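Structure file data-v4.pdb; described as PDB, C-alpha atoms.
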```
ATOM      1  CA  MET A   1     140.255 -70.492-215.927
ATOM      2  CA  GLU A   2     138.812 -72.124-219.022
ATOM      3  CA  ALA A   3     135.134 -71.522-219.827
ATOM      4  CA  ARG A   4     133.144 -74.764-220.186
ATOM      5  CA  ALA A   5     129.486 -75.681-220.331
ATOM      6  CA  GLY A   6     127.752 -76.019-217.014
ATOM      7  CA  ALA A   7     128.335 -74.043-213.871
ATOM      8  CA  LEU A   8     130.855 -73.825-211.067
ATOM      9  CA  TYR A   9     130.121 -72.735-207.542
ATOM     10  CA  ALA A  10     132.194 -72.351-204.409
ATOM     11  CA  VAL A  11     131.412 -71.709-200.760
ATOM     12  CA  LEU A  12     133.149 -68.865-198.950
ATOM     13  CA  SER A  13     133.697 -69.266-195.209
ATOM     14  CA  VAL A  14     135.210 -67.274-192.400
ATOM     15  CA  ALA A  15     137.573 -68.996-189.985
ATOM     16  CA  ARG A  16     136.637 -69.035-186.334
ATOM     17  CA  LEU A  17     139.264 -67.245-184.297
ATOM     18  CA  ARG A  18     139.337 -69.352-181.130
ATOM     19  CA  GLU A  19     137.661 -72.504-182.363
ATOM     20  CA  MET A  20     138.264 -75.111-185.003
ATOM     21  CA  GLY A  21     136.325 -75.003-188.230
ATOM     22  CA  SER A  22     134.727 -72.197-190.151
ATOM     23  CA  ILE A  23     131.364 -70.542-190.735
ATOM     24  CA  PRO A  24     129.969 -70.548-194.288
ATOM     25  CA  ILE A  25     129.162 -66.972-195.327
ATOM     26  CA  GLY A  26     128.397 -67.018-199.029
ATOM     27  CA  ILE A  27     128.125 -68.671-202.414
ATOM     28  CA  VAL A  28     129.705 -67.609-205.688
ATOM     29  CA  LEU A  29     128.166 -69.202-208.790
ATOM     30  CA  LEU A  30     129.953 -68.818-212.117
ATOM     31  CA  ASN A  31     128.216 -68.880-215.490
ATOM     32  CA  PRO A  32     131.351 -69.405-217.608
ATOM     33  CA  ILE A  33     129.543 -69.115-220.950
ATOM     34  CA  GLN A  34     128.125 -65.644-220.192
ATOM     35  CA  ASP A  35     131.109 -64.723-217.963
ATOM     36  CA  GLN A  36     128.707 -63.778-215.182
ATOM     37  CA  LEU A  37     129.108 -64.260-211.452
ATOM     38  CA  TYR A  38     126.175 -64.646-209.049
ATOM     39  CA  VAL A  39     126.996 -63.820-205.432
ATOM     40  CA  ARG A  40     124.837 -64.536-202.389
ATOM     41  CA  PHE A  41     125.987 -63.722-198.840
ATOM     42  CA  ARG A  42     124.409 -63.939-195.432
ATOM     43  CA  ARG A  43     123.740 -60.682-193.552
ATOM     44  CA  ASP A  44     123.898 -61.802-189.936
ATOM     45  CA  PHE A  45     127.666 -61.346-189.519
ATOM     46  CA  SER A  46     127.263 -59.631-186.138
ATOM     47  CA  LYS A  47     126.152 -62.985-184.676
ATOM     48  CA  PHE A  48     129.681 -64.378-185.013
ATOM     49  CA  ALA A  49     132.072 -61.518-185.875
ATOM     50  CA  ASP A  50     133.300 -58.402-184.098
ATOM     51  CA  GLU A  51     132.415 -54.917-185.363
ATOM     52  CA  GLU A  52     135.557 -54.518-187.484
ATOM     53  CA  ALA A  53     135.151 -57.925-189.130
ATOM     54  CA  VAL A  54     131.467 -57.202-189.817
ATOM     55  CA  GLU A  55     132.456 -54.154-191.906
ATOM     56  CA  VAL A  56     134.883 -56.219-193.968
ATOM     57  CA  LEU A  57     132.432 -59.086-194.475
ATOM     58  CA  GLU A  58     129.593 -56.746-195.437
ATOM     59  CA  GLY A  59     131.749 -55.207-198.144
ATOM     60  CA  LEU A  60     133.089 -58.489-199.493
ATOM     61  CA  ALA A  61     130.105 -59.416-201.701
ATOM     62  CA  GLU A  62     130.043 -55.975-203.288
ATOM     63  CA  TRP A  63     133.820 -56.025-203.793
ATOM     64  CA  ILE A  64     133.612 -59.410-205.555
ATOM     65  CA  THR A  65     130.710 -58.231-207.719
ATOM     66  CA  THR A  66     132.472 -55.003-208.694
ATOM     67  CA  ARG A  67     135.665 -56.829-209.620
ATOM     68  CA  ALA A  68     133.692 -59.344-211.696
ATOM     69  CA  LEU A  69     132.108 -56.509-213.661
ATOM     70  CA  GLU A  70     135.448 -54.767-214.173
ATOM     71  CA  GLU A  71     137.710 -57.752-214.840
ATOM     72  CA  GLY A  72     135.357 -60.524-215.935
ATOM     73  CA  ALA A  73     133.610 -63.107-213.799
ATOM     74  CA  THR A  74     135.699 -66.092-214.902
ATOM     75  CA  ARG A  75     138.939 -64.285-214.067
ATOM     76  CA  VAL A  76     137.690 -63.114-210.669
ATOM     77  CA  PHE A  77     136.376 -66.593-209.802
ATOM     78  CA  GLY A  78     139.838 -67.996-210.533
ATOM     79  CA  THR A  79     141.489 -65.243-208.496
ATOM     80  CA  LEU A  80     139.237 -66.014-205.525
ATOM     81  CA  LEU A  81     140.202 -69.682-205.705
ATOM     82  CA  ASP A  82     143.899 -68.741-205.737
ATOM     83  CA  SER A  83     143.781 -65.919-203.172
ATOM     84  CA  PHE A  84     141.697 -66.763-200.129
ATOM     85  CA  SER A  85     143.210 -69.055-197.521
ATOM     86  CA  ASN A  86     143.531 -67.603-194.025
ATOM     87  CA  HIS A  87     140.652 -65.815-192.325
ATOM     88  CA  ILE A  88     138.374 -65.946-195.367
ATOM     89  CA  ARG A  89     138.398 -69.296-197.126
ATOM     90  CA  ILE A  90     136.949 -70.587-200.352
ATOM     91  CA  ASP A  91     136.232 -74.255-200.955
ATOM     92  CA  ASP A  92     137.300 -76.051-204.092
ATOM     93  CA  PRO A  93     134.746 -75.380-206.816
ATOM     94  CA  CYS A  94     131.917 -77.830-207.460
ATOM     95  CA  ARG A  95     130.305 -78.523-210.820
ATOM     96  CA  LEU A  96     126.611 -77.965-211.320
ATOM     97  CA  ALA A  97     124.462 -78.757-214.359
ATOM     98  CA  GLU A  98     123.715 -75.550-216.232
ATOM     99  CA  PRO A  99     120.618 -74.096-214.576
ATOM    100  CA  SER A 100     117.776 -72.562-216.550
ATOM    101  CA  ASP A 101     117.537 -69.748-213.980
ATOM    102  CA  TRP A 102     120.904 -68.699-212.563
ATOM    103  CA  ALA A 103     119.501 -66.369-209.874
ATOM    104  CA  GLU A 104     117.236 -69.163-208.641
ATOM    105  CA  ALA A 105     120.192 -71.568-208.638
ATOM    106  CA  VAL A 106     122.333 -69.321-206.419
ATOM    107  CA  ASP A 107     119.338 -68.846-204.091
ATOM    108  CA  ARG A 108     118.838 -72.623-203.874
ATOM    109  CA  LEU A 109     122.542 -73.216-203.162
ATOM    110  CA  PHE A 110     122.459 -70.509-200.513
ATOM    111  CA  ILE A 111     119.453 -72.027-198.774
ATOM    112  CA  ASP A 112     120.895 -75.545-198.929
ATOM    113  CA  ILE A 113     124.441 -74.670-197.830
ATOM    114  CA  ILE A 114     124.601 -71.281-196.094
ATOM    115  CA  MET A 115     121.224 -70.572-194.483
ATOM    116  CA  PRO A 116     121.631 -70.433-190.712
ATOM    117  CA  PRO A 117     120.294 -73.505-188.877
ATOM    118  CA  GLY A 118     116.813 -73.029-187.460
ATOM    119  CA  SER A 119     116.083 -70.030-189.674
ATOM    120  CA  SER A 120     112.931 -70.107-191.779
ATOM    121  CA  THR A 121     114.165 -67.498-194.273
ATOM    122  CA  PRO A 122     117.564 -66.867-195.854
ATOM    123  CA  ALA A 123     119.770 -64.310-194.123
ATOM    124  CA  GLY A 124     121.666 -63.238-197.217
ATOM    125  CA  THR A 125     121.678 -60.767-200.018
ATOM    126  CA  ARG A 126     121.916 -61.486-203.724
ATOM    127  CA  LEU A 127     124.186 -59.301-205.837
ATOM    128  CA  PRO A 128     124.247 -60.475-209.459
ATOM    129  CA  SER A 129     127.139 -59.105-211.484
TER     130      SER A 129
END
```

What does this structure look like when you write it as structure tokens?
Amino acid sequence: MEARAGALYAVLSVARLREMGSIPIGIVLLNPIQDQLYVRFRRDFSKFADEEAVEVLEGLAEWITTRALEEGATRVFGTLLDSFSNHIRIDDPCRLAEPSDWAEAVDRLFIDIIMPPGSSTPAGTRLPS
């Protein structure tokens, strides 16, 4: 994946087992210039996933962050786009003007896209890489 000015973000979702559609679970925001990945996930997985799936989902944000530190954020972002497709999905990336505060930008995206309906506070965790 080629580094360009600006930012890219993508929404990760988990497929519903018996229903159509998916549930958005997190945001990955790529700073391609600094090769840094900002990850923000919800924490209320037990509301829609069984115990085994909760364990996997809870570890996903940390796994992504660790890989980004080890292999580079731009490479991991590209791998995520190429890899996820079945139970865990990732949307096509969207462009975003380069933010002045990357942590604030991932928080804003999380609140706008992922925050559970009717909740007054975000249900996620931020793990900058």

- Item | Two-atom distance - CA of Glu104 (chain A), CA of Ile88 (chain A) (Å) | 25.2 Å

- Message: With distances taken over only C-alpha atoms, which residue among A:Ala97, A:Leu30, A:Val106, A:Leu12 lies nearest Ala61 (chain A)?
- Response: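 So, comparing all the options, the nearest one is A:Leu12.
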
- Determine the nearest neighbour of Gly72 (chain A) from the options A:Ile33, A:Ala103, A:Arg108, A:Glu55, counting all atoms listed in the file.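 Of A:Ile33, A:Ala103, A:Arg108, A:Glu55, the one nearest Gly72 (chain A) is A:Ile33, counting all atoms listed in the file.
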
May I have the residues at most 8 Å from (132.4, -58.2, -214.6) in the file's coordinates, counting only C-alpha atoms, as a JSON list (two decimals) with C-alpha atoms, in the coordinates of the input?
```json
[["chain", "number", "residue", "atom", "x", "y", "z"],
["A", 35, "ASP", "CA", 131.11, -64.72, -217.96],
["A", 36, "GLN", "CA", 128.71, -63.78, -215.18],
["A", 37, "LEU", "CA", 129.11, -64.26, -211.45],
["A", 65, "THR", "CA", 130.71, -58.23, -207.72],
["A", 66, "THR", "CA", 132.47, -55.00, -208.69],
["A", 67, "ARG", "CA", 135.66, -56.83, -209.62],
["A", 68, "ALA", "CA", 133.69, -59.34, -211.70],
["A", 69, "LEU", "CA", 132.11, -56.51, -213.66],
["A", 70, "GLU", "CA", 135.45, -54.77, -214.17],
["A", 71, "GLU", "CA", 137.71, -57.75, -214.84],
["A", 72, "GLY", "CA", 135.36, -60.52, -215.94],
["A", 73, "ALA", "CA", 133.61, -63.11, -213.80],
["A", 129, "SER", "CA", 127.14, -59.10, -211.48]]
```

- In Å to one decimal, how far is CA of Arg42 (chain A) from CA of Asp82 (chain A)?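 Distance between the two atoms: 22.6 Å.
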
- Note on the structure: Closest of A:Glu58, A:Tyr38, A:Asp112, A:Arg89 to Ala15 (chain A), counting all atoms listed in the file, is A:Arg89

- Separation of CA of Val76 (chain A) from CA of Pro24 (chain A) in Å: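 Between these atoms lies a distance of 19.6 Å.
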
Show me, as lines of an AutoDock Vina configuration file, the centre and edge lengths in Å to one decimal of the axis-aligned box that covers every listed atom of region 26-44 of chain A with 6 Å on each side.
```
center_x = 127.5
center_y = -65.0
center_z = -205.4
size_x = 19.6
size_y = 20.7
size_z = 43.0
```

- Message: Please list as a ChimeraX atom specification every residue within 10 Å of Leu109 (chain A), counting all atoms listed in the file and excluding residues in the same chain fewer than 5 positions away.
- Response: /A:9-11,26-29,40,104,114-115

- Message: Give me the residues near Leu80 (chain A) as a ChimeraX atom specification, where near means some atom within 9 Å (using only C-alpha atoms) and where sequence neighbours in that chain fewer than 4 positions away do not count.
- Response: /A:64,75-76,84,90

- Name the residues that the PyMOL selection byres ((chain A and resi 6) around 8) picks from the file above, as a list in words, using the file's chain letters and numbers.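 Output of the PyMOL selection byres ((chain A and resi 6) around 8): Arg4, Ala5, Ala7, Leu8, Asn31, Pro32, Arg95, Leu96, Ala97, Glu98 and Pro99 of chain A.
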
Write out as a PDB file with C-alpha atoms, in the frame of the given file which residues come within 12 Å of Asn86 (chain A) when counting all atoms listed in the file, dropping same-chain ones fewer than 6 positions away.
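Written output follows (result_31.pdb):
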```
ATOM      1  CA  LEU A  12     133.149 -68.865-198.950  1.00  0.00           C
ATOM      2  CA  SER A  13     133.697 -69.266-195.209  1.00  0.00           C
ATOM      3  CA  VAL A  14     135.210 -67.274-192.400  1.00  0.00           C
ATOM      4  CA  ALA A  15     137.573 -68.996-189.985  1.00  0.00           C
ATOM      5  CA  ARG A  16     136.637 -69.035-186.334  1.00  0.00           C
ATOM      6  CA  LEU A  17     139.264 -67.245-184.297  1.00  0.00           C
ATOM      7  CA  GLY A  21     136.325 -75.003-188.230  1.00  0.00           C
ATOM      8  CA  SER A  22     134.727 -72.197-190.151  1.00  0.00           C
TER       9      SER A  22
END
```

- Query: Which of these, A:Ile111, A:Gln34, A:Pro93, A:Phe41, has the shortest distance to Glu62 (chain A) once you count only C-alpha atoms?
  - Reply: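 Closest to Glu62 (chain A), using only C-alpha atoms: A:Phe41.
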